[in-house]
Amino acid sequence: MAAPDVSTLGEFEHVVLLAILRLGDAAYAVAIRDEILERTARDVSRGSIYITLDRLETKGCLRSRLADPTPERGGRAKRYYTLRPRGVEALKESRRALVALWRGLESVLA
Amino acid sequence: MSARLPRGVEALLRRLLPGDLAEPIAGDLLEEYLATRARRGARRARVWVWWQAIRLAATMRWERAAHGRGVPPIAEELKSATSVWDGLKQDVVFSVRLLRRQPGFTAVALLALALGIGGSTAIFGIVDAALWRRLPYARADRIMSLAEQRPREGRWFGPIAPADFFDWRRDNRSFSAVAAYMSQPLSRPTAYNLTGIGDPERVRALEASPSFLGVLGVSPVVGRDFRPEEETVGRHRVVLLADSLWRRRFGADPAIVGRTISFDGAAYEVIGLLPARFWWPTAPEVIVPLALSDNDRALRDAHFLDAIGRLRDGVSEQQAREDLRVIGVRLAAAFPATNANHAPNFRTLRDALVGDVRPALLILLGAVAFVMLIACANVATLLLARAAGRQRELSVRRAVGATRGRLVQQMLTESVVIALAGGAAGLLLAAWSLAAFRAIAPSQFAGLPGLAGIGLDGRAFAAAVALSMITGLTFGVVPALAATDQRLGASLTEEARGGTGSARARRLRSMLIVAELALSLVLLAGAALLIVSFRNLMSVSPGFQPMRIVTAEVRLPSSRYADHTRTVAFFDALFERLRAAPGVERVDATTSLPFAGADSRLNFQIERRTVDSPVPVRVHPRLVSSGYFSTMGIPIVRGRGFTDRDEAASTEVVVINQAAVRRYWPGEDPIGQRISIGAPGRWREIVGIVGDTRHEGLDADADPAAYVPQHQRFTDLGAGFERAMTLVVRTDADAAAMTAAIRGAVANLDAQLPIGMVRAMTDLIDESVAPRRLNFLLVSSFAAVALVLTAAGLYGVMAYVVAQRTREIGVRMALGATHAQVLALMFRQAGALTAIGIGLGVGGALVLTRSMTSLLFGVTAGDPLVFAAVSALLALVAAAAIAVPSSRAARIDPLAALREA
């Protein structure tokens, strides 16, 4: 199996990774979605959150763990996500690329 | 409140979500569900959670199918939304390439689908136009066709007597307008002689109440509609022209309104033009007011009007029915002699127009749907066999990282591509068959709404595309799932070693073949029943000798032939001239030619008979010239026919048919008795009894009829009755040759008089069975297609089995099995499938053919002989399809087989 190429992140992947970073220990799907809604006013579908999390995990950007079941969730576990080094790298790389491209354009789009 | 998801949601998620995600996602959803419930209430939360669960399940399924976790190729992984489309494009290109590489498979699949989709689209077009499309009138569902029902005679929608119609019109509260028109058969519409400009010509006319267009919601484009007073004799000489006639005969003269034209020798003022798009089943070229004489207006025992009415706003059909019922009861009480057991009745105009052909059309639709299913099953078996052959390719693709979902998507794309290509070919086929249908559609079909303009329009196109997509997915999904099934995959590798596939794969193929056989049998049974019915019908004797008879209608205008003696003199002179024409053996005439549409009935009385009859005492009065019976070849059973001595001044006589004797004089000799037809007290002596003739069709039993000699005045059906006669000429010449002779003879006597179409009697009979012929031809061709497809399917499956079992057969033969034993082995397997298919088909056909009862004649829907014959035929075809690959198996060289394996 070839190592997935993570040198480019999709825009939404970028957003999801940042939301997870912001949430720290509390990053699970519902919280991630709320965080994105709150910060960017984007009401994204639940499906796309799960899909993106799934993909990022497959790529090796994320790690997930199942927390202990809680009664308020009908005895179901939460899946918490944290960034792996590869994910951090990918974020940095994306940021670098974006900043480089943005340089000098602020006045145009301000 | 319980901390649980609604039960169905729970199950949905558990079933459809990938296992590792099901639990956390269900947990997340529950959390949000509870929050939503607290905020927005239980009901809204439940709707919300269902919607979310369905969306989630669908997205996650698709995601995992298209880019599952397995080992996703990077390129695909990085595309998100666009990847679906790109993948599809890639699949389509790949499919086309594959199909081009396997021309044999492609040709067979395309042919099957083109036949299925083309046939279905064409029939859909016809059925859609006839049964489902709106009639071209404003709020057409409010237009009713009124009729008089006579339950004792089994007639529910019969023509109406004029006096009854006028009473209904005056007394009803349910219709905003009611209009009567002359009842006329579609095949022989009323025609007027248009004279005064160029050659005289007969134009199709409709005589209708002034409110006729109002009921339909149509207005003239130029000029005005009829006025109410224009239905009185004397003020009725006004006419509305159809667009076609206006262009053809009047050069689209813009100043046409106000012009005077001549019909039947009388001057009519053109008051308006009908819209170019105006449609009515008989396609009238002119509409004139229905103006009945005072005598005719008072008739209650002669039924010759049809009527339409528009329901008042806010009045339901039920209320209208009750309203008319009360009027009917009152009339029956007031006029018991004529109206007892008669009542008004109505149905929607569309039902009235398509009533008779609806079952035939629905049968056709069912038959073509069966062909479609067989085509699908056929292509599915082909795909299944093909998928088995592609197992290596599929394994390789899987090994390099394609998921099952991805492979299924690819294979489904292939089948949809095939189906769409088949659909395109089918559309061509449909366009072609619709054009053919338009050309051969019998006149009975011509009255169907929308049939004239039938063709491939948006709706038919949409139907074809939808059919293609649906069939592509239907026949593709089973083979795709089967081919990519891992368990099946393992068994297919085993197959390469000499087995015939896992039990599942074998069962699938068997089921498809059995389904094809069963469906074919149903179609064959239906077709056979229609063929037998048609043969039975054609062997029915019409009761006269139709060969070498040529007919032509001659209608004298009332303006110049108001007088009985003038009318009789004209026809006598015409007979005289025609008898001198070359090739003419005999010439006579009748008012009511068989197979030329329905004829009127009148009450009659039998002298000195006072017993009340349990059935209405009625006959069809028919005015005939003296030699009519000999000319037509109608046998005289007892007494005598008419002679030239049956003059106006001599004793009034009548000849009745055997049906009348059976019904009104059972076990009695009617000769010498006297009857009075229509108006009471005008006694005519019965001098002879003639054989029955079929009148309305070969399948309609003969009704009681009374023949009156032409010279003896008969006015009870109105004065126009005797002026419209049909010539019957016994001749060796054909209709074309006779046309000139008849036209010449008529022109010699009256240059202003055109003649109707000259037609051979045999053509009229043929025309009367044309819908049945069309029906059985169509269903038979569907059955033939089904048979070919099934045989091809069976052949394909057996060829595949033989190929797969080559090694096994080789071993058997090496161990001493004979050719015959190998052959028997193959036949046992395929024979069992055939037997099951036929058995199921017979069962299905027994149920389904019952719906055809109204289309059958002289054979019951479950006729054992028919079923045995079609079963035998199907078994024979199946045996032939099995024999070719099986004999190939029996010729296998054991050594070669073993070496190859």
# chains A, B, ... in the order shown; residues from 1 in each chain; ligands from 1
$ closest_atom_pairs --of "chain B" --to "chain A" --cutoff "6 Å" --atoms "only C-alpha atoms" --output "CSV"
residue,atom,partner,partner_atom,distance
B:Ala3,CA,A:Gly74,CA,5.5
B:Arg4,CA,A:Gly74,CA,5.9
B:Pro24,CA,A:Lys78,CA,5.2
B:Gly27,CA,A:Arg73,CA,5.3
B:Glu31,CA,A:Arg73,CA,5.9
B:Leu56,CA,A:Gly47,CA,5.1
B:Thr59,CA,A:Gly47,CA,5.9
$ select_by_dssp --residues "segment 1-108 of chain A" --states "alpha helix (DSSP H)" --output "MDAnalysis selection string"
chainID A and resid 11:23 29:40 46:59 85:102 106:108
$ closest_residue --among "B:Ile287, B:Val417, B:Leu473, B:Val9" --to "Val49 of chain B" --atoms "only C-alpha atoms"
B:Val9
$ select_by_dssp --residues "segment 343-557 of chain B" --states "strand (DSSP E or B)" --output "PDB file with N, CA and C atoms, in the first residue's frame"
ATOM      1  N   ALA B 343     -84.308   4.428 -19.775  1.00  0.00           N
ATOM      2  CA  ALA B 343     -83.882   5.457 -18.836  1.00  0.00           C
ATOM      3  C   ALA B 343     -82.686   6.192 -19.409  1.00  0.00           C
ATOM      4  N   PRO B 344     -82.528   7.444 -19.018  1.00  0.00           N
ATOM      5  CA  PRO B 344     -81.337   8.177 -19.451  1.00  0.00           C
ATOM      6  C   PRO B 344     -80.107   7.597 -18.758  1.00  0.00           C
ATOM      7  N   ASN B 345     -78.988   7.711 -19.421  1.00  0.00           N
ATOM      8  CA  ASN B 345     -77.735   7.224 -18.856  1.00  0.00           C
ATOM      9  C   ASN B 345     -76.629   8.116 -19.415  1.00  0.00           C
ATOM     10  N   PHE B 346     -75.518   8.200 -18.734  1.00  0.00           N
ATOM     11  CA  PHE B 346     -74.390   8.930 -19.318  1.00  0.00           C
ATOM     12  C   PHE B 346     -73.073   8.435 -18.762  1.00  0.00           C
ATOM     13  N   ARG B 347     -72.021   8.755 -19.485  1.00  0.00           N
ATOM     14  CA  ARG B 347     -70.648   8.475 -19.047  1.00  0.00           C
ATOM     15  C   ARG B 347     -69.798   9.595 -19.632  1.00  0.00           C
ATOM     16  N   THR B 348     -68.548   9.651 -19.199  1.00  0.00           N
ATOM     17  CA  THR B 348     -67.738  10.750 -19.726  1.00  0.00           C
ATOM     18  C   THR B 348     -67.537  10.555 -21.223  1.00  0.00           C
ATOM     19  N   ILE B 549     -69.926  -8.656 -54.985  1.00  0.00           N
ATOM     20  CA  ILE B 549     -70.912  -7.593 -54.770  1.00  0.00           C
ATOM     21  C   ILE B 549     -70.177  -6.284 -54.559  1.00  0.00           C
ATOM     22  N   VAL B 550     -70.621  -5.273 -55.296  1.00  0.00           N
ATOM     23  CA  VAL B 550     -70.035  -3.946 -55.159  1.00  0.00           C
ATOM     24  C   VAL B 550     -71.145  -3.019 -54.670  1.00  0.00           C
ATOM     25  N   THR B 551     -70.806  -2.122 -53.724  1.00  0.00           N
ATOM     26  CA  THR B 551     -71.846  -1.279 -53.131  1.00  0.00           C
ATOM     27  C   THR B 551     -71.509   0.194 -53.318  1.00  0.00           C
ATOM     28  N   ALA B 552     -72.537   1.029 -53.353  1.00  0.00           N
ATOM     29  CA  ALA B 552     -72.325   2.479 -53.418  1.00  0.00           C
ATOM     30  C   ALA B 552     -73.554   3.173 -52.859  1.00  0.00           C
ATOM     31  N   GLU B 553     -73.316   4.180 -52.031  1.00  0.00           N
ATOM     32  CA  GLU B 553     -74.450   4.871 -51.442  1.00  0.00           C
ATOM     33  C   GLU B 553     -74.888   6.022 -52.344  1.00  0.00           C
ATOM     34  N   VAL B 554     -76.168   6.144 -52.517  1.00  0.00           N
ATOM     35  CA  VAL B 554     -76.722   7.267 -53.270  1.00  0.00           C
ATOM     36  C   VAL B 554     -77.743   7.954 -52.380  1.00  0.00           C
ATOM     37  N   ARG B 555     -77.577   9.251 -52.212  1.00  0.00           N
ATOM     38  CA  ARG B 555     -78.490   9.961 -51.310  1.00  0.00           C
ATOM     39  C   ARG B 555     -79.130  11.101 -52.074  1.00  0.00           C
TER      40      ARG B 555
END
$ atom_distance --atom1 "atom CA of Ala109 of chain B" --atom2 "atom CA of Val797 of chain B"
14.2 Å
$ closest_residue --among "B:Pro289, B:Leu833, B:Pro159, B:Leu135" --to "Val233 of chain B" --atoms "only C-alpha atoms"
B:Pro289
$ residues_around --residues "segment 731-741 of chain B" --least-positions-apart "5" --cutoff "8 Å" --atoms "only C-alpha atoms" --output "MDAnalysis selection string"
chainID B and resid 548:550 578 581 583:586 758:760
$ closest_residue --among "A:His14, A:Arg84, A:Arg103, A:Arg96" --to "Ser64 of chain A" --atoms "only C-alpha atoms"
A:Arg84
$ atom_distance --atom1 "atom CA of Ile126 of chain B" --atom2 "atom CA of Leu113 of chain B"
19.7 Å
$ atom_distance --atom1 "atom CA of Phe714 of chain B" --atom2 "atom CA of Trp168 of chain B"
28.5 Å
$ residues_around --residues "Ile892 of chain B" --least-positions-apart "3" --cutoff "8 Å" --atoms "only C-alpha atoms" --output "list of chain:residue names"
B:Thr806, B:Ile809, B:Gly810, B:Arg888, B:Ala889, B:Ala896, B:Ala897
$ residues_around --residues "Ala879 of chain B" --least-positions-apart "4" --cutoff "8 Å" --atoms "only C-alpha atoms" --output "MDAnalysis selection string"
chainID B and resid 831 875 883
$ residues_around --residues "Ile838 of chain B" --least-positions-apart "5" --cutoff "8 Å" --atoms "only C-alpha atoms" --output "PyMOL selection string"
chain B and resi 514+517-518+521+871+874-875
$ write_last_selection --atoms "C-alpha atoms" --output "PDB file, in the first residue's frame"
ATOM      1  CA  VAL B 514     -37.761 -20.239 -16.213  1.00  0.00           C
ATOM      2  CA  LEU B 517     -40.238 -19.487 -20.606  1.00  0.00           C
ATOM      3  CA  ALA B 518     -43.227 -18.722 -18.406  1.00  0.00           C
ATOM      4  CA  LEU B 521     -46.028 -19.122 -22.703  1.00  0.00           C
ATOM      5  CA  SER B 871     -47.083 -25.687 -24.576  1.00  0.00           C
ATOM      6  CA  LEU B 874     -42.742 -23.845 -26.725  1.00  0.00           C
ATOM      7  CA  ALA B 875     -41.345 -27.240 -25.730  1.00  0.00           C
TER       8      ALA B 875
END
$ residues_around --residues "segment 743-756 of chain B" --least-positions-apart "6" --cutoff "10 Å" --atoms "only C-alpha atoms" --output "tab-separated table (two decimals) with C-alpha atoms, in the first residue's frame"
chain	number	residue	atom	x	y	z
B	188	ARG	CA	-69.79	5.58	-42.56
B	191	ALA	CA	-72.23	12.94	-45.99
B	192	TYR	CA	-73.74	15.86	-47.82
B	193	ASN	CA	-73.59	16.53	-51.51
B	194	LEU	CA	-71.65	19.72	-52.02
B	195	THR	CA	-72.54	21.14	-55.41
B	196	GLY	CA	-72.24	24.40	-57.32
B	199	ASP	CA	-67.30	18.67	-59.30
B	200	PRO	CA	-70.04	17.62	-56.93
B	201	GLU	CA	-68.51	16.01	-53.87
B	202	ARG	CA	-69.71	14.26	-50.75
B	203	VAL	CA	-68.40	15.97	-47.66
B	264	ASP	CA	-78.03	18.49	-51.28
B	265	GLY	CA	-79.38	21.02	-53.75
B	551	THR	CA	-71.85	-1.28	-53.13
B	552	ALA	CA	-72.32	2.48	-53.42
B	553	GLU	CA	-74.45	4.87	-51.44
B	554	VAL	CA	-76.72	7.27	-53.27
B	555	ARG	CA	-78.49	9.96	-51.31
B	556	LEU	CA	-81.14	12.07	-52.97
B	557	PRO	CA	-81.51	15.67	-51.77
B	570	PHE	CA	-85.16	7.77	-59.89
B	571	PHE	CA	-83.98	4.46	-58.47
B	573	ALA	CA	-84.32	4.40	-63.81
B	574	LEU	CA	-80.90	3.99	-62.22
B	575	PHE	CA	-81.35	0.20	-61.94
B	576	GLU	CA	-82.39	0.12	-65.57
B	577	ARG	CA	-79.28	1.95	-66.75
B	578	LEU	CA	-76.89	-0.01	-64.57
B	580	ALA	CA	-77.25	-2.41	-69.16
B	581	ALA	CA	-73.68	-1.68	-68.08
B	726	THR	CA	-77.10	1.77	-50.99
$ closest_residue --among "B:Ala868, B:Leu623, B:Ala482, B:Ala786" --to "Leu523 of chain B" --atoms "only C-alpha atoms"
B:Ala786
$ closest_residue --among "B:Arg235, B:Asn775, B:Ala596, B:Leu21" --to "Met757 of chain B" --atoms "only C-alpha atoms"
B:Ala596
$ decode --residues "segment 827-845 of chain B" --atoms "C-alpha atoms" --output "PDB file, in the first residue's frame"
ATOM      1  CA  PHE B 827     -31.471 -32.646 -21.936  1.00  0.00           C
ATOM      2  CA  ARG B 828     -32.397 -33.707 -18.415  1.00  0.00           C
ATOM      3  CA  GLN B 829     -31.073 -30.498 -17.022  1.00  0.00           C
ATOM      4  CA  ALA B 830     -32.573 -28.133 -19.606  1.00  0.00           C
ATOM      5  CA  GLY B 831     -35.735 -30.204 -19.904  1.00  0.00           C
ATOM      6  CA  ALA B 832     -36.501 -29.751 -16.237  1.00  0.00           C
ATOM      7  CA  LEU B 833     -36.192 -25.971 -16.575  1.00  0.00           C
ATOM      8  CA  THR B 834     -38.401 -25.988 -19.644  1.00  0.00           C
ATOM      9  CA  ALA B 835     -41.037 -28.066 -17.896  1.00  0.00           C
ATOM     10  CA  ILE B 836     -41.089 -25.775 -14.871  1.00  0.00           C
ATOM     11  CA  GLY B 837     -41.251 -22.683 -17.098  1.00  0.00           C
ATOM     12  CA  ILE B 838     -44.099 -24.083 -19.146  1.00  0.00           C
ATOM     13  CA  GLY B 839     -45.927 -25.188 -16.009  1.00  0.00           C
ATOM     14  CA  LEU B 840     -45.689 -21.773 -14.420  1.00  0.00           C
ATOM     15  CA  GLY B 841     -46.611 -20.148 -17.726  1.00  0.00           C
ATOM     16  CA  VAL B 842     -49.748 -22.245 -18.082  1.00  0.00           C
ATOM     17  CA  GLY B 843     -50.764 -21.273 -14.553  1.00  0.00           C
ATOM     18  CA  GLY B 844     -50.150 -17.596 -15.231  1.00  0.00           C
ATOM     19  CA  ALA B 845     -51.880 -17.718 -18.584  1.00  0.00           C
TER      20      ALA B 845
END
